[in-house]
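Novice: One structure is given below, represented as structure tokens, and several questions about it will come after.
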Amino acid sequence: AAPKDAASFHAQGTAGVKIYVVHDTQSVKLPSSVARWPLGAGVEVLVAMEALSKDVGDEKVRVSYFGEDGGVPVGRAMLYLTCVDVSLDADTSRSGAVNKTLVDKRTWTWGPEGHGAILLPNCDRDEPAAGTDATTRSYKAASQPPRSSLLPPPPDLKDMSQLVLRTRGPRTIFAGHRLVLHVSFSDADKVGVFYGGNTPSPEEYKHVLGGEKLSYAVKPSRYQEESVFYVEGLCFPDAGFAGLLALHATLLDSPEKGLLETPVFTDTVVFRVAPWIMTPNTLAPVEVYVCRWVPPPRGGWEPVRPGVPPQPLPPFASSVADNEDFVAAVSALAERAGCPVTVCPLVENRHDRWIQDEIEFGYVQAPHKTFPVVFDSPRDGGLKDFPAKSILGPDFGYVARAAREGVSSLDSFGNLEVSPPVTVRGKEFPLGRILVGSSFPRFGGRRMAKAVRDFLMAQGVQAPVELFSDWLAVGHVDEFLSFVPAPDRKVMPPPLFRGLRPSDLPARTFSAVSPQGFRLLLASPSACYRLLKEKQDEGYGEAVMFEGLKEVPKPTVNELLADEALRKYNAFAQ
């Protein structure tokens, strides 16, 4: 504090110090022509150094206080300065390397011009012996009493993002201060941080932050200015978690005995956990999955969950002996395309052939790595164990969400599709938009499980759209729409995104093409009725429909066209 009788002051620093005076809300560099500044409640002196100190206290600022009459100073104060560099850095520029930048590390923005570091979620299984628990984490053993203070090296170290703590300046300054890496309690269960000390050996890496560990005291090396940490996400963005995580490094002043440590400086880096991104079927295939199937016993299907009675055998099931021809045809086509095929055998699918309903493929991506992630639906049919047992593995992730309110047909992933890249009313969706079937607003009915909808919405990159599909018995969007490549790249507004009605588009199976080069194929009940009417006019009115199928009605073309209730319902659906 200034002396009691002081009315003005003068500040002077050594060569390496820059001094600024804040007076009347204006920041002014102290000019040599101004000898003294009036004291006041709003006056501040700001001190800056641009070069690191070589020794502790090697730069100084002297403040002289004067009374009303000027003359001899009524008091003096000396400030000894030591400039050190403590910075926490990550790949905020998304270049694939950690560099110091001028961007605000505490903020995160989307897009190619945005900035902010990215974490991959640890959702794969790098250790084959990890069992079937898809939630196994690299540092899980850290919660158990270890035989050594060091854990085995994380097998997925290459999946993690680097976090570099830089400490430069006189090393003796850190003897009287403590440097702490820390995370908030709310973020601790969503992130894991590993550190190998001052050795580059991966065998020395141990879990230091995350879970129950909220802070870690770093001891800067006398010989190294950088400490490299490895960071992983432990969960995907979801309801209540936007995906942002903050890590902090704080330099603490060692207190006198019995007093609390005082923060001197804190640096913060914000990461975003990479979202799950669903891939459209217009992309080139990488691998094909197909189920080998034979009809189940006449008693019905196996129970899909404990306590749930067997589902009755569908009426069409017995009309097909097996699907060996289908598996062979798909395999031959995949071979021509140079694409590997994975056949799920009967012992693994347990008479459940609907693999499209059980799983959906996507991926996660960071500047340093990308790997696929399978999304397991909550339907839990005979295929329920296949994704975790046969797909989850090294660099192949797994994620699932449970339907706590109970499962409906709309929870199957035949009811989950994604468009290719689109532009909607001037807004670009470079990763496309997710489409899910739902009930008609305000009329009740079936909807996809809230946990799944919340998960899809929380990813933040593919803006889900709910379409009315509950009018169908099964209720899946893939029953009436599909996206296919269109090399001609003709431009026509996609009806789902431009508000057009099916009647506005060409008859029969109509399509829409975006500038991105794809067609949206939509099923049309009206086009089907026109086709049936053509056949009736050509003399095929008595032709029987669905011949060859067992245990299903077999109306004639005339009978279908004469069924007014059926026609009205299809007009409603159209």
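Following the order of the structure tokens, first chain is A, next is B, and so on, with residues numbered from 1 inside each chain and ligands from 1 in the order they appear.
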Please identify all polymer residues within 8 Å of Gly116 in chain A, counting only C-alpha atoms, omitting same-chain residues fewer than 3 positions from it, and present them as a list of chain:residue names.

Specialist: A:Asp91, A:Thr92, A:Ser93, A:Arg94, A:Lys105, A:Thr107, A:Trp108, A:Thr109, A:Val270, A:Phe271, A:Arg272

Novice: According to DSSP computed on the backbone, where in range 534-563 of chain A is there helix (DSSP H, G or I)? Give the residues as a PyMOL selection string.

Specialist: chain A and resi 534-540+557-562

Novice: For the selection just defined, write its residues with C-alpha atoms to a file, as a PDB file, in the first residue's frame.

Specialist:
```pdb
ATOM      1  CA  GLU A 534     -52.055 -50.836 -65.787  1.00  0.00           C
ATOM      2  CA  LYS A 535     -51.866 -54.625 -65.277  1.00  0.00           C
ATOM      3  CA  GLN A 536     -55.616 -54.777 -64.699  1.00  0.00           C
ATOM      4  CA  ASP A 537     -56.220 -52.887 -67.961  1.00  0.00           C
ATOM      5  CA  GLU A 538     -53.874 -55.300 -69.725  1.00  0.00           C
ATOM      6  CA  GLY A 539     -56.064 -58.224 -68.637  1.00  0.00           C
ATOM      7  CA  TYR A 540     -54.166 -59.423 -65.557  1.00  0.00           C
ATOM      8  CA  VAL A 557     -55.008 -57.676 -58.562  1.00  0.00           C
ATOM      9  CA  ASN A 558     -58.752 -56.975 -58.875  1.00  0.00           C
ATOM     10  CA  GLU A 559     -59.305 -57.629 -55.160  1.00  0.00           C
ATOM     11  CA  LEU A 560     -56.483 -55.302 -54.132  1.00  0.00           C
ATOM     12  CA  LEU A 561     -57.772 -52.502 -56.321  1.00  0.00           C
ATOM     13  CA  ALA A 562     -61.319 -53.001 -55.008  1.00  0.00           C
TER      14      ALA A 562
END
```

Novice: Restricting the calculation to only C-alpha atoms: of A:Ser419, A:Ser524, A:Ser64, A:Thr268, which residue gets closest to Ala6 in chain A?

Specialist: A:Ser64

Novice: Can you list, as an NGL selection string, every protein, DNA or RNA residue that comes within 9 Å of range 343-358 of chain A when you count only C-alpha atoms, leaving out same-chain residues fewer than 5 positions away?

Specialist: :A and (288-296 or 301-302 or 327 or 331 or 375-387 or 390 or 411-416)

Novice: Go ahead and write the selection's residues with C-alpha atoms as a PDB file, in the first residue's frame.

Specialist:
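In the end it all went to selection-v1.pdb:
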```pdb
ATOM      1  CA  VAL A 288     -19.579 -56.476 -45.883  1.00  0.00           C
ATOM      2  CA  TYR A 289     -21.358 -58.298 -43.045  1.00  0.00           C
ATOM      3  CA  VAL A 290     -23.995 -60.924 -43.758  1.00  0.00           C
ATOM      4  CA  CYS A 291     -25.754 -63.563 -41.629  1.00  0.00           C
ATOM      5  CA  ARG A 292     -26.017 -67.216 -42.550  1.00  0.00           C
ATOM      6  CA  TRP A 293     -29.581 -68.275 -41.713  1.00  0.00           C
ATOM      7  CA  VAL A 294     -31.929 -71.262 -41.544  1.00  0.00           C
ATOM      8  CA  PRO A 295     -35.501 -71.196 -40.240  1.00  0.00           C
ATOM      9  CA  PRO A 296     -35.706 -71.529 -36.446  1.00  0.00           C
ATOM     10  CA  TRP A 301     -37.436 -67.708 -31.649  1.00  0.00           C
ATOM     11  CA  GLU A 302     -35.097 -67.892 -28.686  1.00  0.00           C
ATOM     12  CA  VAL A 327     -24.856 -65.371 -48.910  1.00  0.00           C
ATOM     13  CA  SER A 331     -19.954 -62.850 -51.345  1.00  0.00           C
ATOM     14  CA  PHE A 375     -23.164 -48.652 -32.841  1.00  0.00           C
ATOM     15  CA  ASP A 376     -25.096 -51.539 -31.241  1.00  0.00           C
ATOM     16  CA  SER A 377     -28.870 -51.066 -31.205  1.00  0.00           C
ATOM     17  CA  PRO A 378     -30.962 -51.733 -28.081  1.00  0.00           C
ATOM     18  CA  ARG A 379     -33.144 -54.322 -29.886  1.00  0.00           C
ATOM     19  CA  ASP A 380     -31.001 -57.162 -28.442  1.00  0.00           C
ATOM     20  CA  GLY A 381     -32.165 -59.982 -30.675  1.00  0.00           C
ATOM     21  CA  GLY A 382     -30.209 -63.123 -31.394  1.00  0.00           C
ATOM     22  CA  LEU A 383     -27.340 -60.957 -32.664  1.00  0.00           C
ATOM     23  CA  LYS A 384     -27.020 -58.995 -29.414  1.00  0.00           C
ATOM     24  CA  ASP A 385     -23.579 -60.409 -28.511  1.00  0.00           C
ATOM     25  CA  PHE A 386     -22.102 -60.348 -32.017  1.00  0.00           C
ATOM     26  CA  PRO A 387     -20.907 -56.691 -32.130  1.00  0.00           C
ATOM     27  CA  SER A 390     -16.772 -60.277 -33.011  1.00  0.00           C
ATOM     28  CA  ASP A 411     -35.290 -49.025 -31.958  1.00  0.00           C
ATOM     29  CA  SER A 412     -33.879 -51.297 -34.656  1.00  0.00           C
ATOM     30  CA  PHE A 413     -31.273 -49.651 -36.842  1.00  0.00           C
ATOM     31  CA  GLY A 414     -33.130 -50.282 -40.046  1.00  0.00           C
ATOM     32  CA  ASN A 415     -34.804 -47.178 -38.639  1.00  0.00           C
ATOM     33  CA  LEU A 416     -31.523 -45.239 -38.683  1.00  0.00           C
TER      34      LEU A 416
END
```

Novice: Give me the residues within 9 Å of Gly75 in chain A as a compact mmCIF listing (two decimals) with all heavy atoms, in the first residue's frame, counting only C-alpha atoms and dropping any in the same chain fewer than 3 places off.

Specialist:
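This went into around_35.txt:
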```
# COMPACT_ATOMS: atom_id res chain seq x y z
N ALA A 2 0.37 2.32 -0.60
CA ALA A 2 1.11 3.57 -0.66
C ALA A 2 1.17 4.21 0.73
O ALA A 2 0.29 4.00 1.57
CB ALA A 2 0.43 4.53 -1.64
N PRO A 3 2.22 4.98 1.00
CA PRO A 3 2.30 5.70 2.28
C PRO A 3 1.08 6.60 2.47
O PRO A 3 0.46 7.07 1.50
CB PRO A 3 3.58 6.51 2.15
CG PRO A 3 4.40 5.76 1.13
CD PRO A 3 3.42 5.17 0.18
N ALA A 6 1.05 10.05 0.67
CA ALA A 6 1.40 10.07 -0.75
C ALA A 6 0.25 10.58 -1.60
O ALA A 6 -0.91 10.24 -1.39
CB ALA A 6 1.82 8.68 -1.20
N VAL A 63 9.18 1.87 -7.33
CA VAL A 63 8.08 2.83 -7.26
C VAL A 63 8.40 3.83 -6.16
O VAL A 63 8.64 3.44 -5.01
CB VAL A 63 6.74 2.14 -6.98
CG1 VAL A 63 5.61 3.17 -6.92
CG2 VAL A 63 6.45 1.08 -8.03
N SER A 64 8.42 5.13 -6.52
CA SER A 64 8.67 6.21 -5.56
C SER A 64 7.38 6.98 -5.33
O SER A 64 6.67 7.33 -6.30
CB SER A 64 9.74 7.17 -6.09
OG SER A 64 10.96 6.48 -6.33
N TYR A 65 7.04 7.24 -4.08
CA TYR A 65 5.82 7.95 -3.71
C TYR A 65 6.17 9.37 -3.25
O TYR A 65 7.16 9.58 -2.52
CB TYR A 65 5.10 7.21 -2.59
CG TYR A 65 4.63 5.82 -2.98
CD1 TYR A 65 5.40 4.71 -2.69
CD2 TYR A 65 3.42 5.65 -3.63
CE1 TYR A 65 4.99 3.43 -3.05
CE2 TYR A 65 3.00 4.39 -4.00
CZ TYR A 65 3.78 3.28 -3.72
OH TYR A 65 3.36 2.02 -4.07
N PHE A 66 5.32 10.35 -3.65
CA PHE A 66 5.56 11.75 -3.32
C PHE A 66 4.32 12.33 -2.65
O PHE A 66 3.18 11.93 -2.94
CB PHE A 66 5.89 12.55 -4.59
CG PHE A 66 7.11 12.07 -5.30
CD1 PHE A 66 7.03 11.06 -6.26
CD2 PHE A 66 8.35 12.59 -5.00
CE1 PHE A 66 8.16 10.60 -6.91
CE2 PHE A 66 9.50 12.14 -5.65
CZ PHE A 66 9.41 11.14 -6.60
N VAL A 72 11.19 15.46 -1.96
CA VAL A 72 11.77 14.18 -1.61
C VAL A 72 10.67 13.11 -1.49
O VAL A 72 9.61 13.38 -0.93
CB VAL A 72 12.55 14.29 -0.28
CG1 VAL A 72 13.14 12.94 0.12
CG2 VAL A 72 13.65 15.34 -0.39
```

Novice: What does the distance between CA of Gly517 in chain A and CA of Ala337 in chain A come to in Å, to one decimal place?

Specialist: 20.7 Å

Novice: Tell me, as a PyMOL selection string, which residues lie within 6 Å of Thr556 in chain A, counting only C-alpha atoms; anything in the same chain fewer than 5 positions away does not count.

Specialist: chain A and resi 542-545
